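*Asks:* Structure supplied as entry_24.tsv; contents: TSV, C-alpha atoms and all ligand atoms.
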```tsv
chain	number	residue	atom	x	y	z
A	1044	MET	CA	98.79	152.91	54.77
A	1045	ASN	CA	97.53	156.24	53.45
A	1046	LEU	CA	100.41	157.78	51.52
A	1047	ALA	CA	99.33	161.27	52.56
A	1048	ALA	CA	99.35	160.35	56.24
A	1049	THR	CA	102.66	162.01	57.10
A	1050	SER	CA	102.83	164.23	54.05
A	1051	SER	CA	105.09	167.30	54.48
A	1052	ARG	CA	106.01	166.25	58.01
A	1053	VAL	CA	109.63	166.34	59.12
A	1054	ALA	CA	110.74	163.13	60.86
A	1055	LEU	CA	113.89	162.38	62.87
A	1056	VAL	CA	114.87	158.72	63.33
A	1057	THR	CA	117.64	157.96	65.84
A	1058	GLY	CA	119.60	154.80	65.11
A	1059	GLY	CA	118.42	155.69	61.60
A	1060	ILE	CA	121.18	153.78	59.78
A	1061	GLY	CA	120.63	150.60	61.83
A	1062	GLY	CA	118.80	147.40	60.88
A	1063	LEU	CA	115.37	148.62	61.98
A	1064	GLY	CA	116.08	152.36	61.65
A	1065	THR	CA	116.86	152.17	57.91
A	1066	GLU	CA	113.54	150.48	57.17
A	1067	ILE	CA	111.67	152.93	59.42
A	1068	CYS	CA	113.21	155.79	57.41
A	1069	ARG	CA	112.02	154.20	54.16
A	1070	HIS	CA	108.47	153.65	55.44
A	1071	LEU	CA	108.14	157.23	56.72
A	1072	ALA	CA	109.52	158.62	53.46
A	1073	ARG	CA	107.07	156.50	51.43
A	1074	ALA	CA	104.30	157.99	53.58
A	1075	GLY	CA	105.42	161.43	52.41
A	1076	ALA	CA	107.65	162.63	55.25
A	1077	ARG	CA	110.99	164.39	54.88
A	1078	VAL	CA	113.17	162.03	56.91
A	1079	ILE	CA	116.46	162.67	58.66
A	1080	ALA	CA	118.31	159.56	59.85
A	1081	VAL	CA	120.43	160.51	62.85
A	1082	ASP	CA	123.18	158.25	64.12
A	1083	LEU	CA	126.85	158.13	65.11
A	1084	ALA	CA	129.13	159.86	62.58
A	1085	SER	CA	131.90	157.46	63.64
A	1086	ARG	CA	130.17	154.66	61.65
A	1087	GLU	CA	131.59	156.11	58.43
A	1088	GLU	CA	131.34	152.94	56.30
A	1089	ARG	CA	127.76	152.30	57.33
A	1090	VAL	CA	126.83	155.96	56.73
A	1091	ALA	CA	128.22	155.70	53.18
A	1092	ALA	CA	126.35	152.43	52.54
A	1093	PHE	CA	123.15	153.93	53.96
A	1094	ARG	CA	123.42	156.93	51.62
A	1095	GLY	CA	123.57	154.48	48.70
A	1096	GLU	CA	120.65	152.41	49.99
A	1097	VAL	CA	118.35	155.45	50.21
A	1098	ALA	CA	119.58	157.25	47.09
A	1099	SER	CA	116.41	156.30	45.20
A	1100	PHE	CA	114.43	158.52	47.62
A	1101	LYS	CA	116.05	161.52	45.88
A	1102	GLY	CA	116.84	163.63	48.94
A	1103	ALA	CA	113.73	162.73	50.97
A	1104	ILE	CA	116.00	160.80	53.35
A	1105	THR	CA	119.21	162.43	54.57
A	1106	PHE	CA	121.74	161.80	57.34
A	1107	GLU	CA	122.80	163.97	60.28
A	1108	PRO	CA	125.29	163.00	62.98
A	1109	VAL	CA	124.33	162.79	66.64
A	1110	ASP	CA	125.35	160.99	69.79
A	1111	VAL	CA	122.05	160.49	71.59
A	1112	SER	CA	123.83	159.86	74.90
A	1113	ASP	CA	125.07	163.47	74.87
A	1114	PHE	CA	122.46	166.15	75.62
A	1115	SER	CA	124.33	168.99	73.91
A	1116	SER	CA	124.82	166.86	70.76
A	1117	CYS	CA	121.02	166.43	70.62
A	1118	GLN	CA	120.46	170.15	71.25
A	1119	GLN	CA	122.81	171.06	68.39
A	1120	LEU	CA	121.10	168.53	66.12
A	1121	PHE	CA	117.68	170.12	66.67
A	1122	ALA	CA	119.12	173.59	66.00
A	1123	ARG	CA	120.66	172.39	62.69
A	1124	VAL	CA	117.57	170.51	61.56
A	1125	GLU	CA	115.23	173.38	62.40
A	1126	GLN	CA	117.42	175.74	60.38
A	1127	GLN	CA	117.67	173.41	57.37
A	1128	CYS	CA	114.27	171.66	57.24
A	1129	GLY	CA	111.91	173.42	59.64
A	1130	HIS	CA	110.42	172.04	62.80
A	1131	VAL	CA	110.43	168.38	63.79
A	1132	ASP	CA	106.97	166.79	63.69
A	1133	ILE	CA	107.85	163.12	64.15
A	1134	LEU	CA	110.53	161.65	66.41
A	1135	VAL	CA	111.37	157.95	66.38
A	1136	ASN	CA	113.88	156.83	69.02
A	1137	ALA	CA	115.43	153.62	67.67
A	1138	ALA	CA	119.08	154.06	68.77
A	1139	GLY	CA	120.06	151.21	71.03
A	1140	ILE	CA	122.94	149.03	72.17
A	1141	THR	CA	123.41	145.82	74.16
A	1142	ARG	CA	126.01	145.17	76.87
A	1143	ASP	CA	125.03	141.63	77.87
A	1144	ALA	CA	126.25	139.85	81.00
A	1145	SER	CA	124.54	138.10	83.88
A	1146	LEU	CA	124.20	140.52	86.78
A	1147	ARG	CA	126.86	138.72	88.79
A	1148	LYS	CA	129.35	139.50	86.02
A	1149	MET	CA	128.03	142.86	84.80
A	1150	THR	CA	130.38	145.79	85.32
A	1151	ALA	CA	129.18	149.24	86.34
A	1152	GLN	CA	130.51	150.43	82.98
A	1153	GLN	CA	128.29	147.95	81.06
A	1154	TRP	CA	125.29	149.16	83.07
A	1155	HIS	CA	125.99	152.88	82.62
A	1156	GLU	CA	126.96	152.73	78.92
A	1157	LEU	CA	123.70	151.01	78.09
A	1158	MET	CA	121.58	153.39	80.16
A	1159	GLN	CA	123.27	156.42	78.58
A	1160	VAL	CA	122.21	155.33	75.08
A	1161	ASN	CA	118.98	153.36	75.57
A	1162	LEU	CA	117.33	155.50	78.26
A	1163	ASP	CA	119.16	158.84	78.60
A	1164	GLY	CA	119.10	159.00	74.77
A	1165	VAL	CA	115.30	158.93	74.79
A	1166	PHE	CA	115.20	161.73	77.37
A	1167	ASN	CA	117.81	163.80	75.49
A	1168	MET	CA	115.87	163.63	72.20
A	1169	CYS	CA	112.35	164.01	73.64
A	1170	ARG	CA	113.40	166.93	75.87
A	1171	ASN	CA	114.55	168.81	72.77
A	1172	ALA	CA	111.51	167.86	70.67
A	1173	VAL	CA	108.55	168.21	72.95
A	1174	GLU	CA	108.42	171.94	73.56
A	1175	GLY	CA	108.18	172.87	69.88
A	1176	MET	CA	105.69	170.07	69.19
A	1177	SER	CA	103.48	171.28	72.07
A	1178	GLU	CA	103.65	174.92	70.92
A	1179	ARG	CA	102.65	173.93	67.36
A	1180	GLY	CA	99.92	171.55	68.56
A	1181	PHE	CA	101.22	168.52	66.69
A	1182	GLY	CA	103.74	165.81	67.35
A	1183	ARG	CA	104.26	162.08	67.06
A	1184	ILE	CA	106.86	160.35	69.24
A	1185	VAL	CA	107.49	156.63	68.84
A	1186	ASN	CA	110.02	155.02	71.19
A	1187	ILE	CA	111.41	151.61	70.32
A	1188	SER	CA	111.23	149.38	73.40
A	1189	SER	CA	111.61	145.57	73.25
A	1190	VAL	CA	109.92	142.32	74.09
A	1191	ASN	CA	112.73	141.88	76.61
A	1192	GLY	CA	111.51	144.96	78.48
A	1193	GLN	CA	108.22	143.14	78.96
A	1194	THR	CA	109.44	139.61	79.73
A	1195	GLY	CA	112.98	140.17	81.04
A	1196	GLN	CA	115.89	138.26	79.48
A	1197	PHE	CA	118.76	136.30	80.98
A	1198	GLY	CA	121.96	138.33	80.78
A	1199	GLN	CA	120.08	141.55	80.06
A	1200	THR	CA	119.16	143.19	83.37
A	1201	ASN	CA	120.50	146.48	81.97
A	1202	TYR	CA	118.73	146.18	78.59
A	1203	SER	CA	115.44	144.90	80.08
A	1204	ALA	CA	115.42	147.68	82.69
A	1205	ALA	CA	116.08	150.36	80.07
A	1206	LYS	CA	113.43	149.03	77.67
A	1207	ALA	CA	110.80	148.72	80.42
A	1208	GLY	CA	111.83	152.25	81.40
A	1209	VAL	CA	111.26	153.46	77.85
A	1210	HIS	CA	107.63	152.45	78.05
A	1211	GLY	CA	107.15	154.00	81.51
A	1212	PHE	CA	108.71	157.19	80.16
A	1213	SER	CA	106.40	157.11	77.13
A	1214	MET	CA	103.25	156.76	79.24
A	1215	ALA	CA	104.26	159.60	81.58
A	1216	LEU	CA	105.16	161.96	78.72
A	1217	ALA	CA	101.98	160.97	76.87
A	1218	ARG	CA	99.96	162.28	79.83
A	1219	GLU	CA	101.92	165.55	79.92
A	1220	VAL	CA	101.31	166.39	76.26
A	1221	ALA	CA	97.98	164.66	75.55
A	1222	ARG	CA	96.07	167.99	75.27
A	1223	LYS	CA	98.70	169.48	72.95
A	1224	GLY	CA	98.17	167.23	69.93
A	1225	VAL	CA	101.31	165.26	70.71
A	1226	THR	CA	101.15	161.48	71.04
A	1227	VAL	CA	103.83	159.32	72.65
A	1228	ASN	CA	103.82	155.56	72.17
A	1229	SER	CA	106.24	152.69	72.29
A	1230	VAL	CA	106.67	149.79	69.89
A	1231	SER	CA	108.12	146.59	71.35
A	1232	PRO	CA	109.70	144.45	68.64
A	1233	GLY	CA	110.14	140.76	69.21
A	1234	TYR	CA	113.20	139.03	67.77
A	1235	CYS	CA	113.97	140.50	64.35
A	1236	ASP	CA	116.21	139.48	61.51
A	1237	THR	CA	118.81	142.24	62.02
A	1238	PRO	CA	122.54	142.35	62.83
A	1239	MET	CA	121.66	142.63	66.55
A	1240	VAL	CA	120.04	139.16	66.48
A	1241	ALA	CA	122.42	137.74	63.84
A	1242	ALA	CA	125.15	138.08	66.49
A	1243	VAL	CA	123.44	135.30	68.49
A	1244	SER	CA	124.64	131.68	67.88
A	1245	ALA	CA	122.71	129.50	65.37
A	1246	GLU	CA	121.62	127.17	68.17
A	1247	ILE	CA	120.11	129.97	70.26
A	1248	ARG	CA	118.48	131.48	67.16
A	1249	ALA	CA	116.79	128.12	66.44
A	1250	GLN	CA	115.50	128.04	70.03
A	1251	ILE	CA	114.20	131.60	69.69
A	1252	VAL	CA	112.36	130.82	66.43
A	1253	ALA	CA	110.85	127.66	67.96
A	1254	GLY	CA	109.27	129.88	70.65
A	1255	ILE	CA	107.62	132.28	68.17
A	1256	PRO	CA	104.07	131.20	67.25
A	1257	VAL	CA	104.27	132.52	63.65
A	1258	GLY	CA	107.46	130.48	63.22
A	1259	ARG	CA	109.90	133.11	61.98
A	1260	LEU	CA	111.92	136.11	63.09
A	1261	GLY	CA	110.34	139.50	62.51
A	1262	SER	CA	111.46	141.53	59.50
A	1263	PRO	CA	112.46	145.18	59.77
A	1264	ALA	CA	109.40	145.95	57.61
A	1265	ASP	CA	107.12	144.35	60.25
A	1266	ILE	CA	108.39	146.89	62.78
A	1267	ALA	CA	108.53	149.85	60.39
A	1268	ARG	CA	104.86	149.40	59.45
A	1269	ALA	CA	103.87	149.66	63.12
A	1270	VAL	CA	106.00	152.79	63.59
A	1271	ALA	CA	104.57	154.47	60.48
A	1272	PHE	CA	101.04	153.62	61.66
A	1273	LEU	CA	101.63	155.39	65.01
A	1274	ALA	CA	103.43	158.31	63.33
A	1275	ALA	CA	100.54	159.10	60.97
A	1276	ASP	CA	98.46	162.25	61.35
A	1277	GLU	CA	95.39	160.02	61.72
A	1278	ALA	CA	96.82	158.21	64.78
A	1279	GLY	CA	95.99	161.09	67.14
A	1280	TYR	CA	93.75	159.02	69.41
A	1281	ILE	CA	96.43	156.45	70.23
A	1282	THR	CA	98.74	157.61	73.00
A	1283	GLY	CA	100.57	156.06	75.95
A	1284	ALA	CA	100.21	152.68	74.26
A	1285	ASN	CA	102.77	149.95	73.78
A	1286	LEU	CA	102.40	148.05	70.52
A	1287	PRO	CA	104.04	144.60	70.71
A	1288	VAL	CA	105.15	143.34	67.27
A	1289	ASN	CA	106.50	139.93	68.12
A	1290	GLY	CA	104.82	137.17	66.08
A	1291	GLY	CA	102.56	136.23	68.99
A	1292	TYR	CA	105.47	135.57	71.34
A	1293	PHE	CA	103.45	136.24	74.52
A	1294	MET	CA	101.00	133.47	73.60
A	1295	SER	CA	103.85	131.03	74.30
A	1296	PHE	CA	103.82	131.95	78.00
B	1301	LIG	P1	121.18	148.14	65.18
B	1301	LIG	O1	122.37	147.88	66.05
B	1301	LIG	O2	121.19	147.68	63.77
B	1301	LIG	O3	120.84	149.70	65.19
B	1301	LIG	C1	121.00	150.52	66.33
B	1301	LIG	C2	121.54	151.84	65.85
B	1301	LIG	O4	121.73	152.70	66.98
B	1301	LIG	C3	122.90	151.72	65.15
B	1301	LIG	O5	122.81	152.27	63.85
B	1301	LIG	C4	123.84	152.47	66.05
B	1301	LIG	O6	124.88	153.13	65.35
B	1301	LIG	C5	122.89	153.46	66.71
B	1301	LIG	N1	123.47	154.00	67.94
B	1301	LIG	C6	124.09	153.32	68.93
B	1301	LIG	N2	124.53	154.18	69.86
B	1301	LIG	C7	124.18	155.42	69.45
B	1301	LIG	C8	124.38	156.73	69.97
B	1301	LIG	N3	125.04	156.94	71.13
B	1301	LIG	N4	123.89	157.78	69.29
B	1301	LIG	C9	123.25	157.60	68.12
B	1301	LIG	N5	123.03	156.39	67.56
B	1301	LIG	C10	123.51	155.32	68.22
B	1301	LIG	O7	119.95	147.52	65.98
B	1301	LIG	P2	118.43	147.33	65.51
B	1301	LIG	O8	118.17	145.90	65.48
B	1301	LIG	O9	118.13	148.18	64.32
B	1301	LIG	O10	117.68	147.94	66.78
B	1301	LIG	C11	117.00	149.18	66.75
B	1301	LIG	C12	116.23	149.36	68.06
B	1301	LIG	O11	115.30	148.28	68.19
B	1301	LIG	C13	117.14	149.30	69.29
B	1301	LIG	O12	116.67	150.23	70.23
B	1301	LIG	C14	116.95	147.88	69.79
B	1301	LIG	O13	117.20	147.79	71.16
B	1301	LIG	C15	115.50	147.64	69.44
B	1301	LIG	N6	115.13	146.22	69.28
B	1301	LIG	C16	115.70	145.44	68.33
B	1301	LIG	C17	115.29	144.11	68.21
B	1301	LIG	C18	115.88	143.20	67.17
B	1301	LIG	O14	115.51	142.02	67.15
B	1301	LIG	N7	116.73	143.66	66.29
B	1301	LIG	C19	114.31	143.61	69.06
B	1301	LIG	C20	113.75	144.43	70.01
B	1301	LIG	C21	114.16	145.75	70.11
```
Could you write out this structure as structure tokens?
Ligand code: NAD
*Replies:*
Amino acid sequence: MNLAATSSRVALVTGGIGGLGTEICRHLARAGARVIAVDLASREERVAAFRGEVASFKGAITFEPVDVSDFSSCQQLFARVEQQCGHVDILVNAAGITRDASLRKMTAQQWHELMQVNLDGVFNMCRNAVEGMSERGFGRIVNISSVNGQTGQFGQTNYSAAKAGVHGFSMALAREVARKGVTVNSVSPGYCDTPMVAAVSAEIRAQIVAGIPVGRLGSPADIARAVAFLAADEAGYITGANLPVNGGYFMSF
């Protein structure tokens, strides 16, 4: 990766203190961007730990609170960031939750809570980012989808629908802003070694790994590299694409 590729760009990463988000922040900062991790302020302990983990970046990675499910919270975030750091050039939407249950047992609340974060959150952030990016003639938006949005997953009708929706959203927005220097892509991680997957039982994890051709879970760095690639200045001819990063998982089907 060319270290100058995102030099002097300002990047926002939602879910920025999470398993994948933290590594995405590091990769973008190493590529020269000024990175703002945005996430729930209520996760006080994790915010404090995150600040320690990125201290070696000497201010190139900072934290700002946001609730991506709330449009006005996103609006206020953009106003603060633009005042403090200038305009946002790169937006990575990595905030996400699960509310698993088979459809017969899923409550309306489980459905709506997930949609409000995983899909409305992408709208709320992109809606606030895209106008300025279009006016300035540059922008990179990378939305984190999931292998389960492509294959479906038992007990995840809500999650699979939202993640498939994220890619549909990305393609549609990519068309709207293609002539403005703004690219919109999705990255679909396979199963990664993060707290989200650690929550699964050892038996199920072993089954998952057995189904991955490269024979291991993905690392956060595997995903962050793909995000940084799409966020680079030089990636201007890639838009509306979905980049699966899943250890060859589809070859198993
Ligand atoms: P994670 O739980 O470690 O991180 C998700 C982050 O989103 C957390 O830091 C959480 O605080 C934040 N978040 C949740 N609700 C929010 C809200 N309302 N506003 C702002 N932030 C909010 O999970 P992860 O493994 O890092 O996953 C990151 C993204 O990658 C998610 O979108 C997830 O669906 C997707 N994904 C993960 C995997 C995997 O194997 N870990 C696989 C495919 C896709």
*Asks:* So how far away is atom CA of Thr1105 of chain A from atom CA of Ala1080 of chain A, in Å?
*Replies:*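 Separation between atom CA of Ala1080 of chain A and atom CA of Thr1105 of chain A: 6.1 Å.
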*Asks:* Can I get the residues of segment 1052-1086 of chain A within 12 Å of segment 1169-1179 of chain A, each with the closest pair of atoms and their distance in Å to one decimal, using all atoms listed in the file, sorted chain first then ascending number, as a Markdown table?
*Replies:*
```
| residue | atom | partner | partner_atom | distance |
| --- | --- | --- | --- | --- |
| A:Arg1052 | CA | A:Met1176 | CA | 11.8 |
| A:Val1053 | CA | A:Met1176 | CA | 11.4 |
| A:Ala1054 | CA | A:Ala1172 | CA | 10.9 |
| A:Leu1055 | CA | A:Ala1172 | CA | 9.8 |
| A:Val1056 | CA | A:Cys1169 | CA | 11.9 |
| A:Thr1057 | CA | A:Cys1169 | CA | 11.2 |
```
*Asks:* Could you tell me how far atom O2 of ligand LIG 1301 (chain B) sits from atom CA of Ala1084 of chain A, in Å to one decimal place?
*Replies:*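 According to the coordinates, atom CA of Ala1084 of chain A and atom O2 of ligand LIG 1301 (chain B) are separated by 14.6 Å.
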*Asks:* Residues contacting ligand LIG 1301 (chain B) - anything with an atom at most 7 Å away, using all atoms listed in the file - can you give me those as a PyMOL selection string?
*Replies:* chain A and resi 1057-1064+1081-1083+1086+1109-1112+1137-1140+1160-1161+1187-1190+1231-1240
*Asks:* What is the distance between atom CA of Pro1256 of chain A and atom CA of Met1294 of chain A, in Å to one decimal?
*Replies:*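 Spanning atom CA of Pro1256 of chain A to atom CA of Met1294 of chain A is a straight-line distance of 7.4 Å.
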*Asks:* Restricting the calculation to only C-alpha atoms, which member of A:Ala1151, A:Leu1260, A:Val1252, A:Val1225 is positioned closest to Asp1276 of chain A?
*Replies:* A:Val1225
*Asks:* Env of segment 1281-1290 of chain A: 8 Å cut, atoms = only C-alpha atoms, seq-sep filter 6 positions within chain, self excluded. Answer as a VMD selection string.
*Replies:* chain A and resid 1190 1210 1213 to 1218 1221 1226 to 1234 1255 to 1261 1265 to 1266 1269 1273
*Asks:* In terms of the shortest atom-to-atom distance over only C-alpha atoms, which of A:Met1168, A:Ile1251, A:Val1185, A:Ala1098 is closest to Ile1133 of chain A?
*Replies:*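 Ranked by minimum distance to Ile1133 of chain A, first place goes to A:Val1185.
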*Asks:* Here is a test: counting only C-alpha atoms, which residue of A:Asn1186, A:Gln1152, A:Asn1167, A:Thr1065 is nearest to Leu1134 of chain A?
*Replies:* A:Asn1186
*Asks:* Pick the closest to Cys1117 of chain A from A:Glu1156, A:Asp1132, A:Asp1163, A:Glu1096: which is it, counting all atoms listed in the file?
*Replies:*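 Smallest separation from Cys1117 of chain A among the options: A:Asp1163.
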*Asks:* Tell me which of A:Met1158, A:Ala1253, A:Gln1119, A:Glu1246 sits closest to Gly1208 of chain A, counting only C-alpha atoms.
*Replies:*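 Of the candidates, the smallest distance to Gly1208 of chain A is held by A:Met1158.
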*Asks:* Kindly indicate which residue among A:Phe1121, A:Tyr1292, A:Phe1272, A:Phe1212 lies nearest to His1070 of chain A, using all atoms listed in the file for the distances.
*Replies:* A:Phe1272
*Asks:* Would you mind listing what lies within 10 Å of Cys1128 of chain A as a VMD selection string, with only C-alpha atoms counted and same-chain residues fewer than 2 positions away left out?
*Replies:* chain A and resid 1052 to 1054 1077 to 1079 1123 to 1126 1130 to 1131
